[in-house]
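Q: My structure file structure34.json, JSON, C-alpha atoms, is below:
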[["chain", "number", "residue", "atom", "x", "y", "z"],
["A", 4, "MET", "CA", 141.45, 42.07, -234.92],
["A", 5, "ILE", "CA", 140.82, 40.26, -238.20],
["A", 6, "GLU", "CA", 138.01, 41.86, -240.16],
["A", 7, "GLU", "CA", 135.30, 39.39, -241.14],
["A", 8, "LYS", "CA", 133.49, 39.46, -244.48],
["A", 9, "LEU", "CA", 129.72, 39.92, -244.55],
["A", 10, "SER", "CA", 129.36, 36.31, -245.66],
["A", 11, "GLY", "CA", 130.68, 35.19, -242.31],
["A", 12, "GLY", "CA", 134.05, 34.02, -243.56],
["A", 13, "VAL", "CA", 137.49, 35.50, -242.83],
["A", 14, "GLN", "CA", 139.09, 36.50, -246.11],
["A", 15, "SER", "CA", 142.65, 36.79, -244.81],
["A", 16, "LEU", "CA", 142.38, 33.33, -243.25],
["A", 17, "GLU", "CA", 141.16, 31.89, -246.54],
["A", 18, "VAL", "CA", 144.13, 33.42, -248.36],
["A", 19, "GLY", "CA", 146.54, 32.10, -245.74],
["A", 20, "LEU", "CA", 145.09, 28.62, -246.04],
["A", 21, "ALA", "CA", 145.41, 28.87, -249.84],
["A", 22, "VAL", "CA", 149.14, 29.49, -249.34],
["A", 23, "LEU", "CA", 149.35, 26.55, -246.94],
["A", 24, "ASN", "CA", 147.44, 24.34, -249.43],
["A", 25, "ALA", "CA", 149.90, 25.30, -252.17],
["A", 26, "LEU", "CA", 152.82, 24.18, -249.98],
["A", 27, "LEU", "CA", 150.95, 20.97, -249.21],
["A", 28, "GLU", "CA", 150.15, 20.20, -252.85],
["A", 29, "HIS", "CA", 153.70, 20.92, -254.00],
["A", 30, "ASN", "CA", 154.97, 18.48, -251.34],
["A", 31, "LYS", "CA", 158.60, 19.64, -251.58],
["A", 32, "PRO", "CA", 160.55, 22.87, -250.98],
["A", 33, "ILE", "CA", 159.63, 25.72, -253.33],
["A", 34, "ILE", "CA", 161.01, 29.22, -253.98],
["A", 35, "LEU", "CA", 158.84, 32.29, -253.46],
["A", 36, "LYS", "CA", 158.66, 33.10, -257.16],
["A", 37, "ASP", "CA", 157.30, 29.66, -258.07],
["A", 38, "LEU", "CA", 154.88, 29.66, -255.15],
["A", 39, "SER", "CA", 153.47, 33.07, -256.10],
["A", 40, "SER", "CA", 153.12, 31.89, -259.70],
["A", 41, "LYS", "CA", 151.31, 28.77, -258.52],
["A", 42, "LEU", "CA", 148.90, 30.94, -256.51],
["A", 43, "ASP", "CA", 148.66, 33.68, -259.14],
["A", 44, "MET", "CA", 149.45, 36.15, -256.35],
["A", 45, "HIS", "CA", 152.03, 38.94, -256.00],
["A", 46, "PRO", "CA", 155.24, 37.66, -254.33],
["A", 47, "ALA", "CA", 155.12, 40.39, -251.65],
["A", 48, "LYS", "CA", 151.62, 39.32, -250.63],
["A", 49, "VAL", "CA", 152.57, 35.64, -250.57],
["A", 50, "HIS", "CA", 155.61, 36.51, -248.45],
["A", 51, "ARG", "CA", 153.46, 38.26, -245.83],
["A", 52, "TYR", "CA", 151.33, 35.15, -245.40],
["A", 53, "LEU", "CA", 154.41, 32.94, -245.31],
["A", 54, "VAL", "CA", 155.81, 35.03, -242.45],
["A", 55, "SER", "CA", 152.63, 34.39, -240.44],
["A", 56, "LEU", "CA", 152.65, 30.68, -241.28],
["A", 57, "ILE", "CA", 156.29, 30.46, -240.21],
["A", 58, "ARG", "CA", 155.51, 32.21, -236.91],
["A", 59, "MET", "CA", 152.84, 29.60, -236.22],
["A", 60, "ASN", "CA", 155.20, 26.80, -237.35],
["A", 61, "TYR", "CA", 152.96, 25.72, -240.24],
["A", 62, "ALA", "CA", 155.73, 26.64, -242.69],
["A", 63, "LYS", "CA", 159.49, 27.07, -242.56],
["A", 64, "GLN", "CA", 162.18, 28.71, -244.65],
["A", 65, "LEU", "CA", 165.18, 26.57, -245.52],
["A", 66, "GLU", "CA", 168.77, 27.75, -245.70],
["A", 67, "ALA", "CA", 168.59, 27.85, -249.49],
["A", 68, "GLY", "CA", 165.69, 30.30, -249.27],
["A", 69, "GLN", "CA", 163.02, 27.78, -250.23],
["A", 70, "TYR", "CA", 159.80, 27.32, -248.29],
["A", 71, "ALA", "CA", 158.36, 24.05, -247.00],
["A", 72, "LEU", "CA", 155.79, 22.72, -244.56],
["A", 73, "GLY", "CA", 156.58, 23.26, -240.88],
["A", 74, "ASP", "CA", 156.33, 20.81, -238.00],
["A", 75, "GLN", "CA", 152.88, 21.98, -236.97],
["A", 76, "ALA", "CA", 151.51, 21.16, -240.42],
["A", 77, "TRP", "CA", 152.92, 17.66, -240.15],
["A", 78, "ARG", "CA", 151.46, 17.28, -236.65],
["A", 79, "LEU", "CA", 148.06, 18.32, -237.98],
["A", 80, "GLY", "CA", 148.24, 15.72, -240.74],
["A", 81, "LEU", "CA", 149.44, 13.08, -238.30],
["A", 82, "SER", "CA", 146.54, 13.85, -235.96],
["A", 83, "CYS", "CA", 144.08, 13.31, -238.83],
["A", 84, "ILE", "CA", 145.73, 10.00, -239.73],
["A", 85, "GLN", "CA", 145.59, 8.82, -236.11],
["A", 86, "HIS", "CA", 141.86, 9.36, -236.03],
["A", 87, "THR", "CA", 140.90, 7.51, -239.18],
["A", 88, "ASP", "CA", 137.75, 5.45, -238.76],
["A", 89, "VAL", "CA", 139.36, 2.03, -239.26],
["A", 90, "LEU", "CA", 142.22, 2.62, -236.83],
["A", 91, "GLN", "CA", 139.85, 3.96, -234.17],
["A", 92, "LEU", "CA", 137.50, 1.04, -234.77],
["A", 93, "VAL", "CA", 140.09, -1.53, -233.73],
["A", 94, "GLN", "CA", 141.91, 0.30, -230.92],
["A", 95, "HIS", "CA", 140.49, -2.06, -228.30],
["A", 96, "LEU", "CA", 141.72, -5.06, -230.32],
["A", 97, "ILE", "CA", 145.19, -3.54, -230.74],
["A", 98, "TYR", "CA", 145.58, -3.04, -226.98],
["A", 99, "ASP", "CA", 144.16, -6.51, -226.35],
["A", 100, "LEU", "CA", 146.73, -7.94, -228.76],
["A", 101, "GLN", "CA", 149.57, -6.12, -227.00],
["A", 102, "SER", "CA", 148.47, -7.39, -223.60],
["A", 103, "LYS", "CA", 148.49, -10.97, -224.91],
["A", 104, "ILE", "CA", 151.91, -10.96, -226.60],
["A", 105, "GLY", "CA", 153.63, -8.44, -224.30],
["A", 106, "CYS", "CA", 155.77, -7.06, -227.16],
["A", 107, "GLY", "CA", 155.96, -3.51, -228.39],
["A", 108, "ILE", "CA", 153.41, -2.61, -231.03],
["A", 109, "GLN", "CA", 153.93, -0.13, -233.85],
["A", 110, "ILE", "CA", 151.23, 1.07, -236.24],
["A", 111, "SER", "CA", 152.27, 2.66, -239.55],
["A", 112, "LYS", "CA", 150.26, 4.35, -242.28],
["A", 113, "TRP", "CA", 151.49, 5.08, -245.77],
["A", 114, "SER", "CA", 152.65, 8.64, -246.50],
["A", 115, "PRO", "CA", 154.39, 10.23, -249.50],
["A", 116, "GLN", "CA", 157.67, 9.89, -247.59],
["A", 117, "GLY", "CA", 157.13, 6.23, -246.70],
["A", 118, "PRO", "CA", 155.68, 4.31, -243.73],
["A", 119, "LEU", "CA", 154.70, 6.85, -241.07],
["A", 120, "VAL", "CA", 154.47, 5.69, -237.46],
["A", 121, "VAL", "CA", 151.12, 6.86, -236.08],
["A", 122, "GLN", "CA", 150.95, 4.79, -232.90],
["A", 123, "SER", "CA", 153.51, 3.13, -230.66],
["A", 124, "ILE", "CA", 152.84, 0.96, -227.60],
["A", 125, "GLU", "CA", 155.70, 0.07, -225.30],
["A", 126, "SER", "CA", 156.78, -3.51, -224.63],
["A", 127, "ASN", "CA", 156.15, -5.06, -221.21],
["A", 128, "HIS", "CA", 159.70, -6.34, -221.10],
["A", 129, "PRO", "CA", 162.88, -4.78, -219.61],
["A", 130, "ILE", "CA", 164.41, -4.00, -222.99],
["A", 131, "SER", "CA", 161.96, -1.50, -224.41],
["A", 132, "ILE", "CA", 162.02, -0.24, -227.97],
["A", 133, "VAL", "CA", 159.70, 2.68, -228.58],
["A", 134, "THR", "CA", 159.56, 4.20, -232.04],
["A", 135, "LYS", "CA", 158.68, 7.88, -231.95],
["A", 136, "VAL", "CA", 155.28, 8.70, -233.42],
["A", 137, "GLY", "CA", 155.85, 10.68, -236.60],
["A", 138, "SER", "CA", 158.96, 8.70, -237.59],
["A", 139, "ILE", "CA", 159.36, 7.53, -241.18],
["A", 140, "MET", "CA", 160.43, 3.89, -241.36],
["A", 141, "PRO", "CA", 162.79, 2.69, -244.11],
["A", 142, "LEU", "CA", 161.31, 0.54, -246.85],
["A", 143, "VAL", "CA", 164.30, -1.76, -247.32],
["A", 144, "ASN", "CA", 165.17, -3.08, -243.88],
["A", 145, "SER", "CA", 162.21, -2.46, -241.56],
["A", 146, "ALA", "CA", 159.31, -4.86, -241.11],
["A", 147, "ALA", "CA", 156.75, -2.13, -241.82],
["A", 148, "GLY", "CA", 158.66, -0.99, -244.88],
["A", 149, "ARG", "CA", 158.85, -4.48, -246.31],
["A", 150, "VAL", "CA", 155.11, -4.99, -245.84],
["A", 151, "PHE", "CA", 154.22, -1.77, -247.63],
["A", 152, "ALA", "CA", 156.81, -2.42, -250.34],
["A", 153, "SER", "CA", 155.32, -5.85, -250.95],
["A", 154, "TYR", "CA", 151.70, -4.74, -251.20],
["A", 155, "LEU", "CA", 152.01, -1.35, -252.91],
["A", 156, "PRO", "CA", 152.59, -0.83, -256.66],
["A", 157, "GLU", "CA", 156.20, -1.27, -257.74],
["A", 158, "ALA", "CA", 156.10, 2.07, -259.60],
["A", 159, "VAL", "CA", 155.54, 3.77, -256.25],
["A", 160, "ILE", "CA", 158.05, 2.01, -254.07],
["A", 161, "LYS", "CA", 160.92, 1.12, -256.44],
["A", 162, "PRO", "CA", 162.38, 4.66, -256.76],
["A", 163, "MET", "CA", 162.06, 5.16, -253.01],
["A", 164, "MET", "CA", 163.89, 1.93, -252.29],
["A", 165, "GLN", "CA", 166.57, 2.84, -254.81],
["A", 166, "ASN", "CA", 167.12, 6.10, -252.94],
["A", 167, "GLU", "CA", 167.70, 4.10, -249.76],
["A", 168, "TRP", "CA", 170.19, 1.81, -251.49],
["A", 169, "ASP", "CA", 172.00, 4.81, -252.99],
["A", 170, "LYS", "CA", 172.17, 6.52, -249.60],
["A", 171, "ALA", "CA", 173.53, 3.37, -247.97],
["A", 172, "SER", "CA", 176.19, 3.07, -250.67],
["A", 173, "GLN", "CA", 177.19, 6.72, -250.37],
["A", 174, "ASN", "CA", 177.54, 6.44, -246.59],
["A", 175, "GLY", "CA", 179.43, 3.16, -246.66],
["A", 176, "TYR", "CA", 176.98, 0.83, -244.94],
["A", 177, "SER", "CA", 175.06, -2.17, -246.23],
["A", 178, "VAL", "CA", 171.38, -3.05, -245.97],
["A", 179, "LYS", "CA", 169.40, -6.15, -246.76],
["A", 180, "PRO", "CA", 167.97, -6.80, -249.29],
["A", 181, "LYS", "CA", 170.91, -5.37, -251.25],
["A", 182, "ASN", "CA", 169.14, -4.58, -254.52],
["A", 183, "TRP", "CA", 165.87, -4.82, -256.41],
["A", 184, "ASP", "CA", 166.32, -8.46, -257.44],
["A", 185, "ASP", "CA", 166.99, -9.45, -253.82],
["A", 186, "PHE", "CA", 163.89, -7.54, -252.77],
["A", 187, "LEU", "CA", 161.69, -9.31, -255.34],
["A", 188, "ALA", "CA", 162.69, -12.64, -253.80],
["A", 189, "LEU", "CA", 161.87, -11.26, -250.36],
["A", 190, "LYS", "CA", 158.57, -9.86, -251.63],
["A", 191, "GLU", "CA", 157.52, -13.26, -252.95],
["A", 192, "ASN", "CA", 158.18, -14.78, -249.53],
["A", 193, "THR", "CA", 156.38, -11.92, -247.76],
["A", 194, "LEU", "CA", 153.25, -12.30, -249.89],
["A", 195, "GLU", "CA", 153.30, -16.08, -249.46],
["A", 196, "LEU", "CA", 153.55, -15.85, -245.66],
["A", 197, "GLY", "CA", 151.38, -12.74, -245.38],
["A", 198, "MET", "CA", 153.99, -11.07, -243.17],
["A", 199, "ALA", "CA", 157.47, -9.54, -243.20],
["A", 200, "ILE", "CA", 160.21, -10.28, -240.69],
["A", 201, "ALA", "CA", 163.17, -8.06, -239.85],
["A", 202, "GLN", "CA", 165.49, -10.18, -237.76],
["A", 203, "GLY", "CA", 168.05, -7.71, -236.47],
["A", 204, "ASP", "CA", 168.07, -5.97, -239.86],
["A", 205, "LEU", "CA", 167.26, -2.51, -238.50],
["A", 206, "LEU", "CA", 168.43, -2.86, -234.88],
["A", 207, "VAL", "CA", 170.89, -5.54, -233.79],
["A", 208, "GLY", "CA", 169.27, -8.04, -231.47],
["A", 209, "ILE", "CA", 165.78, -6.74, -232.16],
["A", 210, "ASN", "CA", 163.20, -8.74, -234.07],
["A", 211, "ALA", "CA", 160.20, -7.18, -235.78],
["A", 212, "VAL", "CA", 157.25, -8.81, -237.52],
["A", 213, "GLY", "CA", 154.90, -6.80, -239.70],
["A", 214, "LEU", "CA", 151.47, -7.75, -241.02],
["A", 215, "PRO", "CA", 149.04, -5.81, -243.21],
["A", 216, "ILE", "CA", 145.64, -4.60, -242.03],
["A", 217, "PHE", "CA", 143.06, -4.23, -244.78],
["A", 218, "ASN", "CA", 139.98, -2.04, -244.95],
["A", 219, "ALA", "CA", 136.51, -3.15, -246.06],
["A", 220, "HIS", "CA", 137.54, -2.59, -249.70],
["A", 221, "ARG", "CA", 140.48, -5.00, -249.28],
["A", 222, "SER", "CA", 143.01, -2.20, -249.68],
["A", 223, "MET", "CA", 145.87, -2.02, -247.21],
["A", 224, "GLU", "CA", 144.87, 0.43, -244.47],
["A", 225, "PHE", "CA", 147.89, 0.24, -242.18],
["A", 226, "CYS", "CA", 150.67, -2.05, -241.02],
["A", 227, "ILE", "CA", 150.91, -3.50, -237.54],
["A", 228, "VAL", "CA", 154.34, -4.51, -236.24],
["A", 229, "ALA", "CA", 155.34, -6.46, -233.15],
["A", 230, "LEU", "CA", 158.90, -5.75, -232.05],
["A", 231, "ASP", "CA", 161.04, -6.90, -229.16],
["A", 232, "SER", "CA", 164.34, -8.52, -228.33],
["A", 233, "GLU", "CA", 165.19, -11.93, -229.72],
["A", 234, "MET", "CA", 164.43, -13.44, -226.31],
["A", 235, "PHE", "CA", 160.86, -12.14, -226.14],
["A", 236, "LEU", "CA", 159.96, -12.32, -229.83],
["A", 237, "PRO", "CA", 161.46, -15.44, -231.41],
["A", 238, "VAL", "CA", 160.69, -15.67, -235.11],
["A", 239, "HIS", "CA", 161.79, -19.21, -235.89],
["A", 240, "LYS", "CA", 159.36, -21.63, -237.48],
["A", 241, "GLY", "CA", 156.90, -22.90, -234.91],
["A", 242, "SER", "CA", 157.36, -19.93, -232.56],
["A", 243, "GLU", "CA", 154.28, -19.78, -230.31],
["A", 244, "LYS", "CA", 154.62, -16.00, -229.92],
["A", 245, "LEU", "CA", 154.75, -15.52, -233.67],
["A", 246, "GLU", "CA", 151.70, -17.74, -234.23],
["A", 247, "LEU", "CA", 149.75, -15.91, -231.52],
["A", 248, "PHE", "CA", 150.55, -12.57, -233.13],
["A", 249, "LYS", "CA", 149.39, -13.80, -236.54],
["A", 250, "GLN", "CA", 146.17, -15.18, -235.06],
["A", 251, "GLU", "CA", 145.35, -11.93, -233.26],
["A", 252, "VAL", "CA", 146.02, -9.84, -236.38],
["A", 253, "ALA", "CA", 143.80, -12.18, -238.39],
["A", 254, "LEU", "CA", 141.01, -11.47, -235.89],
["A", 255, "ILE", "CA", 141.52, -7.72, -236.37],
["A", 256, "ASN", "CA", 141.24, -8.11, -240.14],
["A", 257, "GLN", "CA", 138.15, -10.27, -239.73],
["A", 258, "TYR", "CA", 136.57, -7.73, -237.37],
["A", 259, "ILE", "CA", 137.08, -4.95, -239.93],
["A", 260, "GLN", "CA", 135.60, -6.99, -242.78],
["A", 261, "THR", "CA", 132.44, -7.78, -240.83],
["A", 262, "ARG", "CA", 131.74, -4.15, -239.87]]
Could you express the structure from this file as structure tokens?
A:
Amino acid sequence: MIEEKLSGGVQSLEVGLAVLNALLEHNKPIILKDLSSKLDMHPAKVHRYLVSLIRMNYAKQLEAGQYALGDQAWRLGLSCIQHTDVLQLVQHLIYDLQSKIGCGIQISKWSPQGPLVVQSIESNHPISIVTKVGSIMPLVNSAAGRVFASYLPEAVIKPMMQNEWDKASQNGYSVKPKNWDDFLALKENTLELGMAIAQGDLLVGINAVGLPIFNAHRSMEFCIVALDSEMFLPVHKGSEKLELFKQEVALINQYIQTR
């Protein structure tokens, strides 16, 4: 049994959460020595709490001996993101949108790793594309990534996009846009249209259209993406499905601004 302090708190829990907070704030793998220094705590004591956090899957130890956040910590963060006020406010409109267009719907929020999928609704059509909740979408060649990359500060997204280009080069495959200059041209078009289109760029034969959702302060809150096969989501100029999607997303943005 954990002994409680007279104040009503649980001291050992507070220390354990301090260790978890340190892992969270560092946001990348860290060795025990550096973590104990960050906490101003003896390494042996830090290690005992890490063992408990690992048992509960809130932390993990990597092969190199470093410590990082575990899957349960990420699930906790994802759960908080899923229940943000704005996203909950428009859930009925999101499901109404999906019923009207029949395509799959993907909702992404920004995270330090990139666009994080926090909600995924399956398409009504035979060819179903469901993106796993918790997935990180690429910035370069996904509709969600291109939306975030177009609306967020370049200082934030440029190094992340460069990492994707470097990885593609190292592994011998190509992505579009191919470089920063190509992306800037794409960004200009995205901002002009107010949407980003990935026409088979991430999955062959699959079209995706992403639009930004803004909060009451006119900051981007999340990205909403419609995705389906070319047959069910044509993206050519004058596409009725594309226009309907844009109209429904505009209504969601308007609904948020008037609340």
Q: I need the residue nearest Lys179 of chain A from this list: A:Gly197, A:Gly203, A:Gly117, A:Gly208. Use all atoms listed in the file for the distance.
A: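 Among A:Gly197, A:Gly203, A:Gly117, A:Gly208, it is A:Gly203 that comes nearest to Lys179 of chain A.
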Q: If you take every atom of segment 138-143 of chain A that the file lists and fit an axis-aligned box around them with 3 Å extra on each side, what centre and edge lengths come out in Å to one decimal, as AutoDock Vina command-line options?
A:
--center_x 161.6 --center_y 3.5 --center_z -242.5 --size_x 11.3 --size_y 16.5 --size_z 15.7
Q: Please determine, counting only C-alpha atoms, which residue among A:Arg221, A:Asn127, A:Leu79, A:Asn210 has the shortest atom-to-atom distance to Gln101 of chain A.
A: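 That would be A:Asn127, the residue with the smallest distance to Gln101 of chain A.
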Q: To one decimal in Å, tell me the separation between atom CA of Phe235 of chain A and atom CA of Val207 of chain A.
A: 14.2 Å
Q: Between A:Gln64, A:Thr261, A:Gln122, A:Gln109, which residue has the minimum interatomic distance to Ile34 of chain A, considering all atoms listed in the file?
A: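 Smallest separation from Ile34 of chain A among the options: A:Gln64.
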Q: Find the residues near Ala199 of chain A: any atom within 6 Å, counting all atoms listed in the file, skip ones fewer than 3 places away on the same chain, and give them as a ChimeraX atom specification.
A: /A:146,150,193,212-213
Q: Could you work out how far atom CA of Asp99 of chain A lies from atom CA of Glu125 of chain A, giving the answer in Å with one decimal?
A: 13.3 Å
Q: Could you check how far atom CA of Gln91 of chain A sits from atom CA of Ile160 of chain A, in Å to one decimal?
A: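 So the answer is 27.0 Å.
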Q: For each of A:Leu142, A:Leu56, A:Ala158, A:Ile209, take the minimum atom-to-atom distance to Pro180 of chain A, counting only C-alpha atoms, then give the residue where this is smallest.
A: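 With only C-alpha atoms as the atom set, the closest residue is A:Leu142.
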Q: Identify the residues within 12 Å of coordinate (146.2, -3.7, -248.4) (same frame as the file), considering all atoms listed in the file, and give the answer as number ranges by chain.
A: A: 112-113, 150-156, 194, 197-198, 214-227, 256
Q: My list of candidates is A:Cys106, A:Ala188, A:Leu205, A:Val89. Which is closest to Met140 of chain A when distances are computed with only C-alpha atoms?
A: A:Leu205
Q: Can you tell me, as a PDB file with C-alpha atoms, in the coordinates of the input, what residues are no more than 12 Å from Lys48 of chain A when counting all atoms listed in the file, ignoring any on the same chain fewer than 2 positions away?
A:
ATOM      1  CA  SER A  15     142.650  36.790-244.810  1.00  0.00           C
ATOM      2  CA  VAL A  18     144.130  33.420-248.360  1.00  0.00           C
ATOM      3  CA  GLY A  19     146.540  32.100-245.740  1.00  0.00           C
ATOM      4  CA  VAL A  22     149.140  29.490-249.340  1.00  0.00           C
ATOM      5  CA  LEU A  35     158.840  32.290-253.460  1.00  0.00           C
ATOM      6  CA  LYS A  36     158.660  33.100-257.160  1.00  0.00           C
ATOM      7  CA  LEU A  38     154.880  29.660-255.150  1.00  0.00           C
ATOM      8  CA  SER A  39     153.470  33.070-256.100  1.00  0.00           C
ATOM      9  CA  SER A  40     153.120  31.890-259.700  1.00  0.00           C
ATOM     10  CA  LEU A  42     148.900  30.940-256.510  1.00  0.00           C
ATOM     11  CA  ASP A  43     148.660  33.680-259.140  1.00  0.00           C
ATOM     12  CA  MET A  44     149.450  36.150-256.350  1.00  0.00           C
ATOM     13  CA  HIS A  45     152.030  38.940-256.000  1.00  0.00           C
ATOM     14  CA  PRO A  46     155.240  37.660-254.330  1.00  0.00           C
ATOM     15  CA  HIS A  50     155.610  36.510-248.450  1.00  0.00           C
ATOM     16  CA  ARG A  51     153.460  38.260-245.830  1.00  0.00           C
ATOM     17  CA  TYR A  52     151.330  35.150-245.400  1.00  0.00           C
ATOM     18  CA  LEU A  53     154.410  32.940-245.310  1.00  0.00           C
ATOM     19  CA  VAL A  54     155.810  35.030-242.450  1.00  0.00           C
ATOM     20  CA  SER A  55     152.630  34.390-240.440  1.00  0.00           C
TER      21      SER A  55
END
Q: For Leu100 of chain A, which of A:Ile124, A:Asp169, A:Asp231, A:Ile130 is the closest residue, counting all atoms listed in the file?
A: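 Among the listed residues, A:Ile124 lies closest to Leu100 of chain A.
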Q: Could you pull the residues within 10 Å of Tyr258 of chain A, counting only C-alpha atoms, minus those fewer than 3 positions along the same chain, as a list of chain:residue names?
A: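 The contact residues come out as A:Leu92, A:Val93, A:Leu96, A:Ala219, A:Val252, A:Ala253, A:Leu254, A:Ile255, A:Thr261, A:Arg262.
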